[in-house]
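Taking it in order: structure first as structure tokens, then the write-up.
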Number of protein chains: 2
Amino acid sequence: MNQPKRYLDIVLDIRKMISQENIRPGDRIPSERELAETLKVGRSTIREALRSLELLGLIETRRGEGTFLSDHRNHRLVEVLSTFILQDNQSQRDVQETRKIHELSAIRAICQNEVSSQLPVWDSFSRQIDEGETFLREDFMRELLVLSGNRLSLKIWILLAQYSGNPYKGRITTDETAMIKNILAAIMRQDADKAASGLTLWIDWLQKESTEDDHDT
Amino acid sequence: MNQPKRYLDIVLDIRKMISQENIRPGDRIPSERELAETLKVGRSTIREALRSLELLGLIETRRGEGTFLSDHRNHRLVEVLSTFILQDNQSQRDVQETRKIHELSAIRAICQNEVSSQLPVWDSFSRQIDEGETFLREDFMRELLVLSGNRLSLKIWILLAQYSGNPYKGRITTDETAMIKNILAAIMRQDADKAASGLTLWIDWLQKESTEDDHDT
DNA sequence: TTTTGAAAGTGGTCTGACCACTCATGTTCT
DNA sequence: AGAACATGAGTGGTCAGACCACTTTCAAAA
């Protein structure tokens with residue numbers, strides 16, 4: 001019977017402490033020595049837990065200052081993780097697929113809401129396309145997630161977006177303008193099914209495009 | 001000029017070593033002491049890197065045996081992240097909504113697949129209802145997620161299920177049998193839209209039924 | 001008043017020491 | 001010979017203490 005790993009308990013303890021003390025993103029958490037004494041474990045054990053959380057981007061450490069709850073704006077872990085996890089095809093497919101799930105649900109939610117489907121932002125996107133301006137695909141997608149109103153879904157999506165390479169990272173090309181305008185039109189007339197199928201079309205097209213362009217970092 | 005974190009380099013070094021030595025999932029990687037000597041750093045630094053990778057589910061350590069490349073590419077990160085993500089996002093609505101998103105996507109995926117939509121399990125559910133047997137709502141939902149084939153989505157769903165408490169925990173009642181049979185029929189004739197709308201109906205009904213349980217921690 | 005610098009506090013790293021556990025090897029007993 | 005046992009080497013788990021590099025603070029000096 002293997003003992004449960006201490007440092008895992010520590011991770012949970014720290015999390016509990018954070019919620020109990022009402023520590024918010026950006027706030028400082030107790031020092032390593034302090035945590036070690038409070039939780040009655042060695043400092044190295046504390047550090048193993050903290051380093052794990054740091055690699056996940058959940059906390060941020062600054063030498064000489066302390067350890068802080070992160071604002072969820074960090075990438076650090078992503079490159080590392082992608083080289084490990086995403087080598088597995090099934091995993092990578094799942095990430096893409098799950099991301100798509102959230103995007104499709106978001107666009108459906110928007111269409112079903114009279115307010116968010118009539119927002120000037122859609123017109124603005126449409127006008128940008130007409131005027132030959134480009135924008136980041138990711139910005140468009142993020143807008144969908146934000147306006148869907150589901151903050152949890154948004155957070156999950158942001159995570160997945162970090163994991164899922166760069167088909168979304170670029171700017172839209174003229175090849176895509178027709179598809180996007182279709183989507184925008186569908187949103188503005190609150191046609192959820194058409195908007196969803198249009199978005200599916202676009203995403204699938206994007207992923208097909210990116211499989212031909214393969215880079216290594 | 002802040003020095004870059006050592007243990008982050010170590011993570012990359014270990015990754016490089018793994019690919020160079022052609023270590024595959026399930027294989028053993030060098031011991032901590034060995035790594036420390038090879039990479040010319042202290043053992044504690046090595047451990048911080050390894051613990052991070054372990055929390056991510058990338059490696060597995062067994063006391064007395066060694067450290068191994070993780071066999072199953074599990075997304076343990078989701079579990080850890082969730083405890084942090086959900087802490088400030090206590091809007092139970094978002095959790096329920098996101099859960100629904102995954103359930104609906106799952107049932108759609110099943111309908112669009114000739115194999116999974118024709119599995120005997122659906123007939124089995126149907127027969128159980130006819131014979132007056134009951135089953136846990138959660139078991140039905142889990143079946144959906146499992147058969148959707150997206151393991152990441154399943155992981156997320158399991159998490160959300162833990163956080164979203166009650167409505168799914170019970171057994172089906174006679175009030176629901178008609179709705180469920182509708183859903184099952186739609187699945188078996190691969191009617192994704194009908195299956196999805198039927199499931200929506202059921203879920204909304206469930207949530208309406210239990211509109212008195214509101215906890216905050 | 002402003003500047004300076006020493007001290008305290010913090011994370012980063014290393015070392016050496018135990019402990020608990022697994023496994024292979026050798027030894028003893030039957 | 002075969003089986004049960006004992007031992008020791010190797011490994012991860014944890015701890016304590018020691019430096020180092022860095023930041024902040026604040027009292028002393030200019």
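By order in the structure tokens, chains are A, B, ...; within a chain, residues start at 1; ligands start at 1, following the order shown.
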Please report, as a CSV table (one decimal) with C-alpha atoms, in the first residue's frame, each residue of segment 8-149 of chain A to which DSSP assigns strand (DSSP E) when run on this structure's backbone.
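The resulting file, out.csv, is reproduced below:
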```csv
chain,number,residue,atom,x,y,z
A,28,ARG,CA,0.5,37.1,-2.6
A,29,ILE,CA,0.4,33.7,-0.9
A,59,ILE,CA,0.9,30.7,-9.6
A,60,GLU,CA,3.7,33.0,-10.3
A,61,THR,CA,6.9,33.3,-8.3
A,62,ARG,CA,9.2,36.2,-8.2
A,66,GLY,CA,7.2,36.0,-3.1
A,67,THR,CA,4.6,33.7,-4.7
A,68,PHE,CA,1.5,35.1,-6.3
A,69,LEU,CA,-1.8,33.7,-7.6
```
Residue hits in chain B, query chain A, radius 7 Å, only C-alpha atoms, as a PyMOL selection string: chain B and resi 48+51-52+55+73+89+94-95+98+101+105+150-153
Based on the selection just made, write N, CA and C atoms of those residues as a tab-separated table (two decimals), in the first residue's frame.
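As a result, again08.tsv now contains:
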```tsv
chain	number	residue	atom	x	y	z
B	48	GLU	N	11.91	18.84	-8.57
B	48	GLU	CA	10.89	19.85	-8.86
B	48	GLU	C	10.39	19.71	-10.29
B	51	ARG	N	8.28	16.44	-10.44
B	51	ARG	CA	6.97	16.56	-9.79
B	51	ARG	C	6.00	17.34	-10.67
B	52	SER	N	6.53	18.35	-11.35
B	52	SER	CA	5.68	19.11	-12.25
B	52	SER	C	5.14	18.21	-13.35
B	55	LEU	N	2.48	15.88	-12.02
B	55	LEU	CA	1.17	16.48	-11.79
B	55	LEU	C	0.43	16.63	-13.11
B	73	ARG	N	-2.11	8.51	-21.79
B	73	ARG	CA	-2.01	9.96	-21.88
B	73	ARG	C	-3.23	10.60	-21.24
B	89	ASN	N	-15.41	30.85	-9.96
B	89	ASN	CA	-16.47	30.84	-10.95
B	89	ASN	C	-17.63	30.04	-10.39
B	94	ASP	N	-23.15	28.28	-14.97
B	94	ASP	CA	-22.12	28.01	-15.95
B	94	ASP	C	-21.72	26.54	-15.94
B	95	VAL	N	-21.62	26.00	-14.74
B	95	VAL	CA	-21.25	24.60	-14.65
B	95	VAL	C	-22.30	23.73	-15.32
B	98	THR	N	-22.27	24.25	-19.10
B	98	THR	CA	-21.13	23.64	-19.76
B	98	THR	C	-21.27	22.13	-19.80
B	101	ILE	N	-23.51	21.34	-22.53
B	101	ILE	CA	-22.82	21.48	-23.81
B	101	ILE	C	-22.14	20.18	-24.19
B	105	SER	N	-23.18	17.65	-27.29
B	105	SER	CA	-22.20	17.33	-28.32
B	105	SER	C	-21.99	15.83	-28.42
B	150	ASN	N	-14.67	10.93	-27.33
B	150	ASN	CA	-13.76	12.03	-26.97
B	150	ASN	C	-13.40	11.92	-25.49
B	151	ARG	N	-12.21	11.45	-25.24
B	151	ARG	CA	-11.85	11.18	-23.86
B	151	ARG	C	-11.64	12.44	-23.05
B	152	LEU	N	-11.18	13.46	-23.73
B	152	LEU	CA	-10.99	14.74	-23.02
B	152	LEU	C	-12.33	15.31	-22.61
B	153	SER	N	-13.27	15.25	-23.52
B	153	SER	CA	-14.61	15.73	-23.20
B	153	SER	C	-15.18	14.93	-22.03
```
Glu32 of chain A environment, 7 Å, only C-alpha atoms (C1' of nucleotides), sequence neighbours closer than 3 positions dropped, as a list in words: Leu35, Ala36, Arg43, Ile46 and Arg47 of chain A
Selection file, C-alpha atoms, as a tab-separated table (two decimals), in the first residue's frame:
```tsv
chain	number	residue	atom	x	y	z
A	35	LEU	CA	3.77	27.22	4.39
A	36	ALA	CA	6.26	24.59	5.46
A	43	ARG	CA	10.29	23.25	2.56
A	46	ILE	CA	6.28	22.67	-0.40
A	47	ARG	CA	8.44	23.62	-3.31
```
Interface list for chain C, partner chain A, 10 Å threshold, only C-alpha atoms (C1' of nucleotides), as a ChimeraX atom specification: /C:9-12,20-21
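Considering only C-alpha atoms (C1' of nucleotides), the residue among D:DC20, D:DC5, D:DC15, D:DA30 positioned nearest to chain A is D:DC15.
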Contacts of DT27 of chain C within 12 Å, only C-alpha atoms (C1' of nucleotides), excl. fewer than 3 positions in-chain, as a list in words: DA4, DC5, DA6 and DT7 of chain D
